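Shown next, in C-alpha coordinates, is the structure this report addresses.
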Amino acid sequence: MAIRCSPASWCGRVSPIPLLDNAFTEIADWARAQALADAWDVHRLQRQLDRLAITYCPVLRHFLAGVHWSVLQVEYTTDVVFTRQADFHPLYEALTHPAIHAVKPDQVATCLGRKLTRGYQGELGNDFSTRIQGTRIKHSMGWAAIKLYDKFG
(Lines give C-alpha, C1' and ligand atoms only; values in the text may rest on other atoms or scores of the structure.)
Protein backbone atom coordinates (compact mmCIF):
# COMPACT_ATOMS: atom_id res chain seq x y z
CA MET A 1 0.00 0.00 0.00
CA ALA A 2 1.50 3.35 -0.99
CA ILE A 3 0.28 6.68 0.30
CA ARG A 4 1.54 10.15 -0.58
CA CYS A 5 1.37 12.77 2.14
CA SER A 6 2.30 16.41 1.92
CA PRO A 7 2.36 18.61 5.04
CA ALA A 8 1.94 21.64 2.74
CA SER A 9 -1.39 20.35 1.45
CA TRP A 10 -2.40 19.45 5.02
CA CYS A 11 -1.71 23.03 6.13
CA GLY A 12 -3.73 24.27 3.16
CA ARG A 13 -6.72 22.18 4.31
CA VAL A 14 -6.68 23.32 7.95
CA SER A 15 -6.01 26.99 7.30
CA PRO A 16 -7.02 29.49 4.62
CA ILE A 17 -3.43 29.84 3.33
CA PRO A 18 -3.51 30.05 -0.49
CA LEU A 19 -1.78 27.03 -2.04
CA LEU A 20 -0.80 26.49 -5.68
CA ASP A 21 0.58 23.05 -6.51
CA ASN A 22 2.62 22.38 -3.33
CA ALA A 23 3.68 25.97 -2.71
CA PHE A 24 2.09 28.69 -0.64
CA THR A 25 1.41 31.75 -2.75
CA GLU A 26 0.69 34.11 0.10
CA ILE A 27 1.31 33.96 3.84
CA ALA A 28 -0.10 36.83 5.88
CA ASP A 29 0.82 35.43 9.31
CA TRP A 30 4.22 33.69 9.35
CA ALA A 31 3.95 32.73 13.03
CA ARG A 32 0.59 31.01 12.40
CA ALA A 33 2.00 29.19 9.35
CA GLN A 34 4.95 27.93 11.40
CA ALA A 35 2.62 26.84 14.21
CA LEU A 36 0.59 24.81 11.69
CA ALA A 37 3.75 23.16 10.37
CA ASP A 38 4.95 22.39 13.89
CA ALA A 39 1.56 20.85 14.76
CA TRP A 40 1.86 18.22 12.01
CA ASP A 41 1.86 15.00 14.05
CA VAL A 42 3.38 11.88 12.47
CA HIS A 43 1.75 9.66 15.14
CA ARG A 44 -1.68 10.98 14.22
CA LEU A 45 -0.86 10.26 10.58
CA GLN A 46 0.09 6.69 11.51
CA ARG A 47 -3.23 6.17 13.30
CA GLN A 48 -5.11 7.48 10.26
CA LEU A 49 -3.11 5.21 7.95
CA ASP A 50 -3.86 2.23 10.19
CA ARG A 51 -7.60 2.98 9.92
CA LEU A 52 -7.36 3.26 6.12
CA ALA A 53 -5.39 0.03 5.87
CA ILE A 54 -7.99 -1.92 7.90
CA THR A 55 -10.82 -0.38 5.86
CA TYR A 56 -9.35 -1.17 2.45
CA CYS A 57 -7.43 -4.34 3.34
CA PRO A 58 -9.63 -6.12 5.94
CA VAL A 59 -7.37 -9.18 6.11
CA LEU A 60 -5.01 -7.03 8.21
CA ARG A 61 -7.36 -7.54 11.18
CA HIS A 62 -5.88 -11.03 11.46
CA PHE A 63 -2.33 -9.75 11.94
CA LEU A 64 -1.93 -9.12 15.66
CA ALA A 65 1.27 -7.11 15.18
CA GLY A 66 -0.59 -4.57 13.06
CA VAL A 67 0.88 -2.72 10.13
CA HIS A 68 4.42 -1.41 9.88
CA TRP A 69 4.71 1.85 7.96
CA SER A 70 8.00 2.89 6.42
CA VAL A 71 8.96 5.97 4.48
CA LEU A 72 10.20 5.53 0.95
CA GLN A 73 10.91 9.18 0.23
CA VAL A 74 11.30 12.16 2.52
CA GLU A 75 11.80 15.68 1.31
CA TYR A 76 13.20 18.34 3.59
CA THR A 77 12.90 21.84 2.27
CA THR A 78 14.17 25.24 3.10
CA ASP A 79 12.02 27.85 1.47
CA VAL A 80 13.42 31.29 0.87
CA VAL A 81 10.61 33.73 0.21
CA PHE A 82 10.95 37.01 -1.61
CA THR A 83 8.30 39.70 -1.49
CA ARG A 84 8.91 40.65 -5.11
CA GLN A 85 9.83 38.34 -7.99
CA ALA A 86 12.04 41.10 -9.40
CA ASP A 87 14.27 40.92 -6.30
CA PHE A 88 14.69 37.16 -6.61
CA HIS A 89 15.36 36.83 -10.33
CA PRO A 90 18.93 38.29 -10.42
CA LEU A 91 19.97 36.11 -7.46
CA TYR A 92 18.45 33.01 -9.05
CA GLU A 93 20.26 33.68 -12.32
CA ALA A 94 23.54 34.18 -10.45
CA LEU A 95 23.09 30.83 -8.67
CA THR A 96 21.81 28.60 -11.46
CA HIS A 97 24.28 29.31 -14.25
CA PRO A 98 27.42 28.47 -12.23
CA ALA A 99 25.61 25.57 -10.56
CA ILE A 100 24.88 23.87 -13.86
CA HIS A 101 28.21 24.66 -15.56
CA ALA A 102 30.79 24.59 -12.76
CA VAL A 103 29.61 22.00 -10.21
CA LYS A 104 31.55 18.73 -10.50
CA PRO A 105 30.34 15.21 -9.58
CA ASP A 106 32.48 14.94 -6.44
CA GLN A 107 31.01 18.26 -5.23
CA VAL A 108 27.48 16.93 -5.78
CA ALA A 109 28.34 13.83 -3.73
CA THR A 110 29.83 15.93 -0.92
CA CYS A 111 26.82 18.26 -0.85
CA LEU A 112 24.52 15.24 -0.51
CA GLY A 113 26.59 13.83 2.36
CA ARG A 114 28.18 11.08 0.31
CA LYS A 115 31.56 10.23 -1.12
CA LEU A 116 32.21 9.52 -4.78
CA THR A 117 34.42 6.45 -5.11
CA ARG A 118 35.76 4.60 -8.13
CA GLY A 119 33.40 1.74 -7.37
CA TYR A 120 30.24 3.85 -7.40
CA GLN A 121 27.78 2.24 -9.84
CA GLY A 122 24.72 4.45 -9.35
CA GLU A 123 23.44 7.41 -11.27
CA LEU A 124 24.93 10.84 -10.64
CA GLY A 125 24.11 13.99 -12.52
CA ASN A 126 22.55 17.38 -12.82
CA ASP A 127 19.57 18.66 -14.71
CA PHE A 128 18.27 22.08 -15.61
CA SER A 129 14.70 22.10 -16.83
CA THR A 130 12.15 24.69 -17.79
CA ARG A 131 8.55 23.91 -17.02
CA ILE A 132 5.26 25.74 -17.18
CA GLN A 133 5.58 26.61 -13.48
CA GLY A 134 9.15 27.91 -13.80
CA THR A 135 12.66 26.46 -13.84
CA ARG A 136 14.50 23.92 -11.72
CA ILE A 137 18.09 22.85 -11.26
CA LYS A 138 18.66 19.44 -9.69
CA HIS A 139 21.87 17.69 -8.65
CA SER A 140 21.37 14.03 -7.80
CA MET A 141 23.24 10.94 -6.69
CA GLY A 142 21.06 7.86 -6.65
CA TRP A 143 17.89 8.65 -4.69
CA ALA A 144 19.39 11.71 -2.98
CA ALA A 145 18.98 15.09 -4.63
CA ILE A 146 19.18 18.79 -3.99
CA LYS A 147 16.99 21.12 -6.01
CA LEU A 148 16.58 24.84 -6.53
CA TYR A 149 13.33 26.15 -8.01
CA ASP A 150 11.96 29.34 -9.37
CA LYS A 151 8.47 27.87 -9.30
CA PHE A 152 6.47 30.80 -10.51
CA GLY A 153 9.04 32.73 -12.54
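A note on labels: chains of the C-alpha coordinates are A, B, ... as shown, every chain counts residues from 1, and ligands are counted from 1 in their shown order.
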
Filtered DSSP result for chain A, state alpha helix (DSSP H), as an MDAnalysis selection string: chainID A and resid 7:14 30:38 42:56 85:101 105:111

DSSP strand (DSSP E or B) selection over range 69-131 of chain A, as a list of chain:residue names: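 DSSP-assigned strand (DSSP E or B) residues in range 69-131 of chain A: A:Leu124, A:Gly125, A:Asn126, A:Asp127, A:Phe128, A:Ser129, A:Thr130.
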
Polymer residues at most 12 Å from range 88-103 of chain A, only C-alpha atoms, same-chain spacing of 6 or more positions, as number ranges by chain: A: 80-82, 109-111, 125-129, 134-140, 146-153

Long-range neighbours of Met141 in chain A as a PyMOL selection string, 8 Å cut-off, only C-alpha atoms, 4 positions minimum in chain: chain A and resi 108-109+112+122-125+145

Filtering to N, CA, C and O atoms, could you give me those residues as a PDB file, in the first residue's frame?
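File out-v5.pdb, as written:
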```
ATOM      1  N   VAL A 108      28.864  17.364  -5.966  1.00  0.00           N
ATOM      2  CA  VAL A 108      27.480  16.931  -5.779  1.00  0.00           C
ATOM      3  C   VAL A 108      27.421  15.880  -4.674  1.00  0.00           C
ATOM      4  O   VAL A 108      26.603  15.958  -3.758  1.00  0.00           O
ATOM      5  N   ALA A 109      28.302  14.893  -4.741  1.00  0.00           N
ATOM      6  CA  ALA A 109      28.336  13.831  -3.730  1.00  0.00           C
ATOM      7  C   ALA A 109      28.567  14.419  -2.339  1.00  0.00           C
ATOM      8  O   ALA A 109      27.859  14.070  -1.386  1.00  0.00           O
ATOM      9  N   LEU A 112      25.574  16.179  -0.906  1.00  0.00           N
ATOM     10  CA  LEU A 112      24.524  15.238  -0.511  1.00  0.00           C
ATOM     11  C   LEU A 112      24.969  14.304   0.622  1.00  0.00           C
ATOM     12  O   LEU A 112      24.290  13.341   0.949  1.00  0.00           O
ATOM     13  N   GLY A 122      26.025   3.809  -9.213  1.00  0.00           N
ATOM     14  CA  GLY A 122      24.715   4.451  -9.350  1.00  0.00           C
ATOM     15  C   GLY A 122      24.732   5.623 -10.311  1.00  0.00           C
ATOM     16  O   GLY A 122      25.737   5.942 -10.936  1.00  0.00           O
ATOM     17  N   GLU A 123      23.592   6.263 -10.381  1.00  0.00           N
ATOM     18  CA  GLU A 123      23.441   7.411 -11.268  1.00  0.00           C
ATOM     19  C   GLU A 123      23.819   8.689 -10.528  1.00  0.00           C
ATOM     20  O   GLU A 123      23.482   8.870  -9.365  1.00  0.00           O
ATOM     21  N   LEU A 124      24.529   9.567 -11.205  1.00  0.00           N
ATOM     22  CA  LEU A 124      24.932  10.843 -10.643  1.00  0.00           C
ATOM     23  C   LEU A 124      24.817  11.871 -11.756  1.00  0.00           C
ATOM     24  O   LEU A 124      25.242  11.618 -12.886  1.00  0.00           O
ATOM     25  N   GLY A 125      24.215  13.004 -11.457  1.00  0.00           N
ATOM     26  CA  GLY A 125      24.108  13.992 -12.521  1.00  0.00           C
ATOM     27  C   GLY A 125      23.448  15.271 -12.083  1.00  0.00           C
ATOM     28  O   GLY A 125      23.121  15.467 -10.914  1.00  0.00           O
ATOM     29  N   ALA A 145      18.914  13.969  -3.704  1.00  0.00           N
ATOM     30  CA  ALA A 145      18.976  15.092  -4.631  1.00  0.00           C
ATOM     31  C   ALA A 145      18.854  16.399  -3.877  1.00  0.00           C
ATOM     32  O   ALA A 145      18.297  16.460  -2.780  1.00  0.00           O
TER      33      ALA A 145
END
```

Two-atom distance - CA of His68 in chain A, CA of Asp38 in chain A (Å):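 Separating CA of His68 in chain A from CA of Asp38 in chain A is a distance of 24.1 Å.
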
Residues within 12 Å of range 62-66 of chain A, only C-alpha atoms, excluding chain neighbours under 3 positions, as number ranges by chain: A: 46-47, 49-51, 53-54, 57-59, 69

d(CA of Leu36 in chain A, CA of Gln48 in chain A) in Å: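 Calculated distance between CA of Leu36 in chain A and CA of Gln48 in chain A is 18.3 Å.
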
Atom-to-atom span, CA of Thr25 in chain A and CA of Thr77 in chain A, Å: 16.0 Å
